[in-house]
Amino acid sequence: MTSEQIREAIEYADRLWPTIEGCFHVLIHSDSSLISSVDGAKEILWIFKDWVENNGGWRDIQNAPSGGREAAIHRLIFLGAKTFTADHNLDMNCEPNNGVGQEDIKISRGNDKTVIEVKLSSNPGCLHGYEVQLPRYSEAEHTKNMIFVLVRVDDREWDLGQRNDNAPDVVMIDARKQVSASKL
């Protein structure tokens, strides 16, 4: 290569660089360093579960008006997840409607989507949410990532049926009134 050809190649690369620089930025921050929507959802729900069970969050759930408890839980999860979703480039929506009804929560990044259904143990429609609603929302979102959150606000027990490969993941959160450690 002649020195003239080298100079032309460098000039060409210098002209092209502003156009392709953004591509390298995207590659540097590729999905390999990002958490999946389902792993992000599980982490968000673990943080919420820990707050409810170990940091007195159960009081806020118990004190919410019974007719608005599930909606209050959605908003509390959303509030707790705002920084997490921003840090991990995830999008979170409460009660989006993809045409088959309002999902409780959806966490996504592009086509990587996870749907979450939240039910209180006191809700007579609890089993319906697990068996019918969540799989239907999943189908509408074209994802197999489903998490069912059962929030125990009373001593009622729910049998969520047989688990199979297509069954939603289940997160149980104990929001029943807790006894002070000094009284144990």
# chains A, B, ... in the order shown; residues from 1 in each chain; ligands from 1
call {"tool": "select_by_dssp", "arguments": {"residues": "chain A", "states": "helix (DSSP H, G or I)", "output": "mmCIF file with C-alpha atoms, in the first residue's frame"}}
result
data_model
loop_
_atom_site.group_PDB
_atom_site.id
_atom_site.type_symbol
_atom_site.label_atom_id
_atom_site.label_comp_id
_atom_site.auth_asym_id
_atom_site.auth_seq_id
_atom_site.Cartn_x
_atom_site.Cartn_y
_atom_site.Cartn_z
ATOM 1 C CA SER A 3 1.434 6.289 1.591
ATOM 2 C CA GLU A 4 -1.245 8.015 -0.507
ATOM 3 C CA GLN A 5 -3.554 4.984 -0.218
ATOM 4 C CA ILE A 6 -2.956 4.837 3.549
ATOM 5 C CA ARG A 7 -3.767 8.565 3.868
ATOM 6 C CA GLU A 8 -6.981 8.102 1.823
ATOM 7 C CA ALA A 9 -7.991 5.116 3.965
ATOM 8 C CA ILE A 10 -7.457 7.124 7.159
ATOM 9 C CA GLU A 11 -9.451 10.065 5.790
ATOM 10 C CA TYR A 12 -12.238 7.696 4.738
ATOM 11 C CA ALA A 13 -12.298 6.101 8.192
ATOM 12 C CA ASP A 14 -12.356 9.542 9.819
ATOM 13 C CA ARG A 15 -15.379 10.519 7.697
ATOM 14 C CA LEU A 16 -17.175 7.263 8.476
ATOM 15 C CA TRP A 17 -16.452 7.223 12.214
ATOM 16 C CA PRO A 18 -19.294 9.552 13.299
ATOM 17 C CA THR A 19 -21.750 7.286 11.476
ATOM 18 C CA ILE A 20 -20.543 3.976 12.936
ATOM 19 C CA GLU A 21 -19.455 5.132 16.392
ATOM 20 C CA GLY A 22 -22.988 4.619 17.750
ATOM 21 C CA CYS A 23 -22.948 1.004 16.533
ATOM 22 C CA PHE A 24 -19.893 0.286 18.658
ATOM 23 C CA HIS A 25 -21.547 1.955 21.648
ATOM 24 C CA VAL A 26 -24.521 -0.386 21.236
ATOM 25 C CA LEU A 27 -22.219 -3.401 20.939
ATOM 26 C CA ILE A 28 -20.317 -2.413 24.057
ATOM 27 C CA ASP A 31 -27.733 -7.595 25.778
ATOM 28 C CA SER A 32 -24.996 -9.850 27.162
ATOM 29 C CA SER A 33 -24.589 -7.376 30.030
ATOM 30 C CA SER A 37 -37.129 -9.441 31.773
ATOM 31 C CA VAL A 38 -37.998 -12.568 33.753
ATOM 32 C CA ASP A 39 -34.833 -12.386 35.876
ATOM 33 C CA GLY A 40 -35.464 -8.683 36.399
ATOM 34 C CA ALA A 41 -39.065 -9.387 37.399
ATOM 35 C CA LYS A 42 -37.956 -12.037 39.891
ATOM 36 C CA GLU A 43 -35.411 -9.663 41.410
ATOM 37 C CA ILE A 44 -38.003 -6.877 41.689
ATOM 38 C CA LEU A 45 -40.482 -9.264 43.316
ATOM 39 C CA TRP A 46 -37.822 -10.608 45.710
ATOM 40 C CA ILE A 47 -37.060 -7.030 46.829
ATOM 41 C CA PHE A 48 -40.793 -6.385 47.333
ATOM 42 C CA LYS A 49 -41.262 -9.692 49.192
ATOM 43 C CA ASP A 50 -38.335 -8.895 51.485
ATOM 44 C CA TRP A 51 -39.760 -5.433 52.223
ATOM 45 C CA VAL A 52 -43.235 -6.834 52.980
ATOM 46 C CA GLU A 53 -42.074 -9.735 55.136
ATOM 47 C CA ASN A 54 -39.011 -8.277 56.856
ATOM 48 C CA GLY A 57 -44.457 -3.571 54.369
ATOM 49 C CA TRP A 58 -47.238 -5.941 55.419
ATOM 50 C CA ARG A 59 -48.675 -3.006 57.426
ATOM 51 C CA ASP A 60 -49.135 -0.929 54.267
ATOM 52 C CA ILE A 61 -50.901 -3.816 52.544
ATOM 53 C CA GLN A 62 -53.114 -4.578 55.554
ATOM 54 C CA ASN A 63 -53.998 -0.878 55.960
ATOM 55 C CA SER A 66 -59.721 -3.929 50.921
ATOM 56 C CA GLY A 67 -61.249 -2.919 47.565
ATOM 57 C CA GLY A 68 -57.992 -1.307 46.453
ATOM 58 C CA ARG A 69 -55.350 -3.600 47.921
ATOM 59 C CA GLU A 70 -54.315 -5.308 44.694
ATOM 60 C CA ALA A 71 -53.999 -1.970 42.897
ATOM 61 C CA ALA A 72 -51.999 -0.620 45.853
ATOM 62 C CA ILE A 73 -49.658 -3.617 45.608
ATOM 63 C CA HIS A 74 -49.127 -2.975 41.876
ATOM 64 C CA ARG A 75 -48.219 0.650 42.614
ATOM 65 C CA LEU A 76 -45.896 -0.310 45.505
ATOM 66 C CA ILE A 77 -44.076 -2.825 43.308
ATOM 67 C CA PHE A 78 -43.849 -0.197 40.555
ATOM 68 C CA LEU A 79 -42.499 2.429 42.958
ATOM 69 C CA GLY A 80 -39.904 0.038 44.345
ATOM 70 C CA ALA A 81 -38.798 -0.978 40.856
ATOM 71 C CA LYS A 82 -38.306 2.440 39.248
ATOM 72 C CA THR A 83 -34.564 2.675 39.856
ATOM 73 C CA PHE A 84 -34.000 -1.036 39.183
ATOM 74 C CA THR A 85 -35.725 -0.922 35.798
ATOM 75 C CA ALA A 86 -33.862 2.237 34.784
ATOM 76 C CA ASP A 87 -30.517 0.744 35.830
ATOM 77 C CA CYS A 126 -57.323 -16.265 42.807
ATOM 78 C CA LEU A 127 -57.305 -19.617 41.032
ATOM 79 C CA HIS A 128 -58.877 -18.082 37.911
ATOM 80 C CA GLY A 129 -56.015 -15.567 37.783
ATOM 81 C CA TYR A 130 -53.483 -18.390 37.887
ATOM 82 C CA GLU A 131 -55.185 -20.835 35.520
ATOM 83 C CA VAL A 132 -56.896 -18.528 33.013
ATOM 84 C CA GLN A 133 -55.922 -14.860 33.171
ATOM 85 C CA LEU A 134 -52.135 -15.149 33.301
ATOM 86 C CA PRO A 135 -51.821 -17.715 30.482
ATOM 87 C CA ARG A 136 -54.149 -15.591 28.323
ATOM 88 C CA TYR A 137 -52.107 -12.428 28.947
ATOM 89 C CA SER A 138 -48.965 -14.410 28.154
ATOM 90 C CA GLU A 139 -50.464 -15.577 24.877
ATOM 91 C CA ALA A 140 -51.470 -12.037 23.915
ATOM 92 C CA GLU A 141 -47.949 -10.772 24.672
ATOM 93 C CA ALA A 181 -39.919 -10.184 67.730
ATOM 94 C CA SER A 182 -40.055 -9.010 71.369
ATOM 95 C CA LYS A 183 -43.233 -11.095 71.817
#
call {"tool": "residues_around", "arguments": {"residues": "segment 153-168 of chain A", "least_positions_apart": "5", "cutoff": "7 Å", "atoms": "only C-alpha atoms", "output": "MDAnalysis selection string"}}
result
chainID A and resid 120:122 127 146:148 174:176
call {"tool": "select_by_dssp", "arguments": {"residues": "segment 14-174 of chain A", "states": "strand (DSSP E)", "output": "MDAnalysis selection string"}}
result
chainID A and resid 91:94 105:109 112:120 146:152 169:174
call {"tool": "write_last_selection", "arguments": {"atoms": "C-alpha atoms", "output": "PDB file, in the first residue's frame"}}
result
ATOM      1  CA  ASP A  91     -39.625  -1.078  30.891  1.00  0.00           C
ATOM      2  CA  MET A  92     -42.340  -1.691  33.481  1.00  0.00           C
ATOM      3  CA  ASN A  93     -46.061  -1.006  33.080  1.00  0.00           C
ATOM      4  CA  CYS A  94     -48.929  -1.419  35.500  1.00  0.00           C
ATOM      5  CA  ILE A 105     -47.722  -5.823  35.512  1.00  0.00           C
ATOM      6  CA  LYS A 106     -45.574  -6.235  32.419  1.00  0.00           C
ATOM      7  CA  ILE A 107     -41.795  -5.946  32.421  1.00  0.00           C
ATOM      8  CA  SER A 108     -40.086  -5.865  29.055  1.00  0.00           C
ATOM      9  CA  ARG A 109     -37.219  -4.871  26.839  1.00  0.00           C
ATOM     10  CA  ASP A 112     -38.350  -9.932  25.889  1.00  0.00           C
ATOM     11  CA  LYS A 113     -41.527  -9.699  27.989  1.00  0.00           C
ATOM     12  CA  THR A 114     -42.690 -11.019  31.340  1.00  0.00           C
ATOM     13  CA  VAL A 115     -46.281 -10.765  32.554  1.00  0.00           C
ATOM     14  CA  ILE A 116     -47.151 -10.771  36.245  1.00  0.00           C
ATOM     15  CA  GLU A 117     -50.532 -11.430  37.805  1.00  0.00           C
ATOM     16  CA  VAL A 118     -51.019 -10.437  41.463  1.00  0.00           C
ATOM     17  CA  LYS A 119     -53.808 -11.904  43.573  1.00  0.00           C
ATOM     18  CA  LEU A 120     -54.636 -11.638  47.245  1.00  0.00           C
ATOM     19  CA  MET A 146     -45.266 -15.657  33.460  1.00  0.00           C
ATOM     20  CA  ILE A 147     -45.119 -15.008  37.200  1.00  0.00           C
ATOM     21  CA  PHE A 148     -48.074 -15.431  39.522  1.00  0.00           C
ATOM     22  CA  VAL A 149     -47.809 -13.518  42.796  1.00  0.00           C
ATOM     23  CA  LEU A 150     -49.966 -14.742  45.660  1.00  0.00           C
ATOM     24  CA  VAL A 151     -50.088 -12.226  48.494  1.00  0.00           C
ATOM     25  CA  ARG A 152     -51.300 -13.845  51.708  1.00  0.00           C
ATOM     26  CA  ASP A 169     -43.571 -19.286  38.238  1.00  0.00           C
ATOM     27  CA  VAL A 170     -45.158 -18.608  41.629  1.00  0.00           C
ATOM     28  CA  VAL A 171     -44.022 -16.061  44.202  1.00  0.00           C
ATOM     29  CA  MET A 172     -45.703 -16.249  47.618  1.00  0.00           C
ATOM     30  CA  ILE A 173     -45.610 -13.141  49.780  1.00  0.00           C
ATOM     31  CA  ASP A 174     -46.739 -13.267  53.390  1.00  0.00           C
TER      32      ASP A 174
END
call {"tool": "atom_distance", "arguments": {"atom1": "atom CA of Ile35 of chain A", "atom2": "atom CA of His142 of chain A"}}
result
19.2 Å
call {"tool": "atom_distance", "arguments": {"atom1": "atom CA of Val179 of chain A", "atom2": "atom CA of Gly125 of chain A"}}
result
28.6 Å
call {"tool": "atom_distance", "arguments": {"atom1": "atom CA of Lys144 of chain A", "atom2": "atom CA of Asp104 of chain A"}}
result
16.0 Å
call {"tool": "decode", "arguments": {"residues": "segment 69-96 of chain A", "atoms": "N, CA and C atoms", "output": "PDB file, in the first residue's frame"}}
result
ATOM      1  N   ARG A  69     -56.628  -3.007  47.511  1.00  0.00           N
ATOM      2  CA  ARG A  69     -55.350  -3.600  47.921  1.00  0.00           C
ATOM      3  C   ARG A  69     -54.500  -4.083  46.754  1.00  0.00           C
ATOM      4  N   GLU A  70     -55.111  -4.799  45.823  1.00  0.00           N
ATOM      5  CA  GLU A  70     -54.315  -5.308  44.694  1.00  0.00           C
ATOM      6  C   GLU A  70     -53.722  -4.162  43.885  1.00  0.00           C
ATOM      7  N   ALA A  71     -54.514  -3.130  43.632  1.00  0.00           N
ATOM      8  CA  ALA A  71     -53.999  -1.970  42.897  1.00  0.00           C
ATOM      9  C   ALA A  71     -52.890  -1.283  43.694  1.00  0.00           C
ATOM     10  N   ALA A  72     -53.036  -1.219  45.010  1.00  0.00           N
ATOM     11  CA  ALA A  72     -51.999  -0.620  45.853  1.00  0.00           C
ATOM     12  C   ALA A  72     -50.710  -1.432  45.764  1.00  0.00           C
ATOM     13  N   ILE A  73     -50.834  -2.754  45.737  1.00  0.00           N
ATOM     14  CA  ILE A  73     -49.658  -3.617  45.608  1.00  0.00           C
ATOM     15  C   ILE A  73     -48.965  -3.372  44.274  1.00  0.00           C
ATOM     16  N   HIS A  74     -49.722  -3.260  43.190  1.00  0.00           N
ATOM     17  CA  HIS A  74     -49.127  -2.975  41.876  1.00  0.00           C
ATOM     18  C   HIS A  74     -48.301  -1.694  41.956  1.00  0.00           C
ATOM     19  N   ARG A  75     -48.892  -0.648  42.547  1.00  0.00           N
ATOM     20  CA  ARG A  75     -48.219   0.650  42.614  1.00  0.00           C
ATOM     21  C   ARG A  75     -46.988   0.585  43.519  1.00  0.00           C
ATOM     22  N   LEU A  76     -47.058  -0.172  44.613  1.00  0.00           N
ATOM     23  CA  LEU A  76     -45.896  -0.310  45.505  1.00  0.00           C
ATOM     24  C   LEU A  76     -44.760  -1.053  44.803  1.00  0.00           C
ATOM     25  N   ILE A  77     -45.097  -2.099  44.074  1.00  0.00           N
ATOM     26  CA  ILE A  77     -44.076  -2.825  43.308  1.00  0.00           C
ATOM     27  C   ILE A  77     -43.468  -1.883  42.271  1.00  0.00           C
ATOM     28  N   PHE A  78     -44.313  -1.139  41.578  1.00  0.00           N
ATOM     29  CA  PHE A  78     -43.849  -0.197  40.555  1.00  0.00           C
ATOM     30  C   PHE A  78     -42.920   0.852  41.168  1.00  0.00           C
ATOM     31  N   LEU A  79     -43.321   1.417  42.293  1.00  0.00           N
ATOM     32  CA  LEU A  79     -42.499   2.429  42.958  1.00  0.00           C
ATOM     33  C   LEU A  79     -41.145   1.856  43.346  1.00  0.00           C
ATOM     34  N   GLY A  80     -41.154   0.667  43.924  1.00  0.00           N
ATOM     35  CA  GLY A  80     -39.904   0.038  44.345  1.00  0.00           C
ATOM     36  C   GLY A  80     -39.001  -0.349  43.194  1.00  0.00           C
ATOM     37  N   ALA A  81     -39.568  -0.489  42.002  1.00  0.00           N
ATOM     38  CA  ALA A  81     -38.798  -0.978  40.856  1.00  0.00           C
ATOM     39  C   ALA A  81     -38.288   0.127  39.937  1.00  0.00           C
ATOM     40  N   LYS A  82     -38.659   1.370  40.180  1.00  0.00           N
ATOM     41  CA  LYS A  82     -38.306   2.440  39.248  1.00  0.00           C
ATOM     42  C   LYS A  82     -36.802   2.544  38.998  1.00  0.00           C
ATOM     43  N   THR A  83     -36.010   2.560  40.036  1.00  0.00           N
ATOM     44  CA  THR A  83     -34.564   2.675  39.856  1.00  0.00           C
ATOM     45  C   THR A  83     -34.001   1.399  39.247  1.00  0.00           C
ATOM     46  N   PHE A  84     -34.484   0.245  39.698  1.00  0.00           N
ATOM     47  CA  PHE A  84     -34.000  -1.036  39.183  1.00  0.00           C
ATOM     48  C   PHE A  84     -34.226  -1.136  37.680  1.00  0.00           C
ATOM     49  N   THR A  85     -35.432  -0.808  37.226  1.00  0.00           N
ATOM     50  CA  THR A  85     -35.725  -0.922  35.798  1.00  0.00           C
ATOM     51  C   THR A  85     -34.885   0.060  34.987  1.00  0.00           C
ATOM     52  N   ALA A  86     -34.696   1.258  35.500  1.00  0.00           N
ATOM     53  CA  ALA A  86     -33.862   2.237  34.784  1.00  0.00           C
ATOM     54  C   ALA A  86     -32.419   1.753  34.707  1.00  0.00           C
ATOM     55  N   ASP A  87     -31.903   1.217  35.801  1.00  0.00           N
ATOM     56  CA  ASP A  87     -30.517   0.744  35.830  1.00  0.00           C
ATOM     57  C   ASP A  87     -30.290  -0.446  34.898  1.00  0.00           C
ATOM     58  N   HIS A  88     -31.333  -1.230  34.647  1.00  0.00           N
ATOM     59  CA  HIS A  88     -31.201  -2.445  33.841  1.00  0.00           C
ATOM     60  C   HIS A  88     -31.876  -2.332  32.476  1.00  0.00           C
ATOM     61  N   ASN A  89     -32.236  -1.118  32.083  1.00  0.00           N
ATOM     62  CA  ASN A  89     -32.820  -0.872  30.767  1.00  0.00           C
ATOM     63  C   ASN A  89     -34.070  -1.731  30.531  1.00  0.00           C
ATOM     64  N   LEU A  90     -34.913  -1.804  31.554  1.00  0.00           N
ATOM     65  CA  LEU A  90     -36.173  -2.530  31.454  1.00  0.00           C
ATOM     66  C   LEU A  90     -37.319  -1.531  31.494  1.00  0.00           C
ATOM     67  N   ASP A  91     -38.423  -1.896  30.872  1.00  0.00           N
ATOM     68  CA  ASP A  91     -39.625  -1.078  30.891  1.00  0.00           C
ATOM     69  C   ASP A  91     -40.659  -1.804  31.733  1.00  0.00           C
ATOM     70  N   MET A  92     -41.336  -1.074  32.619  1.00  0.00           N
ATOM     71  CA  MET A  92     -42.340  -1.691  33.481  1.00  0.00           C
ATOM     72  C   MET A  92     -43.638  -0.903  33.366  1.00  0.00           C
ATOM     73  N   ASN A  93     -44.743  -1.626  33.184  1.00  0.00           N
ATOM     74  CA  ASN A  93     -46.061  -1.006  33.080  1.00  0.00           C
ATOM     75  C   ASN A  93     -47.034  -1.695  34.008  1.00  0.00           C
ATOM     76  N   CYS A  94     -47.846  -0.890  34.677  1.00  0.00           N
ATOM     77  CA  CYS A  94     -48.929  -1.419  35.500  1.00  0.00           C
ATOM     78  C   CYS A  94     -50.220  -1.330  34.718  1.00  0.00           C
ATOM     79  N   GLU A  95     -50.930  -2.431  34.692  1.00  0.00           N
ATOM     80  CA  GLU A  95     -52.230  -2.554  34.066  1.00  0.00           C
ATOM     81  C   GLU A  95     -52.269  -2.170  32.585  1.00  0.00           C
ATOM     82  N   PRO A  96     -51.265  -2.638  31.808  1.00  0.00           N
ATOM     83  CA  PRO A  96     -51.380  -2.429  30.360  1.00  0.00           C
ATOM     84  C   PRO A  96     -52.464  -3.349  29.807  1.00  0.00           C
TER      85      PRO A  96
END
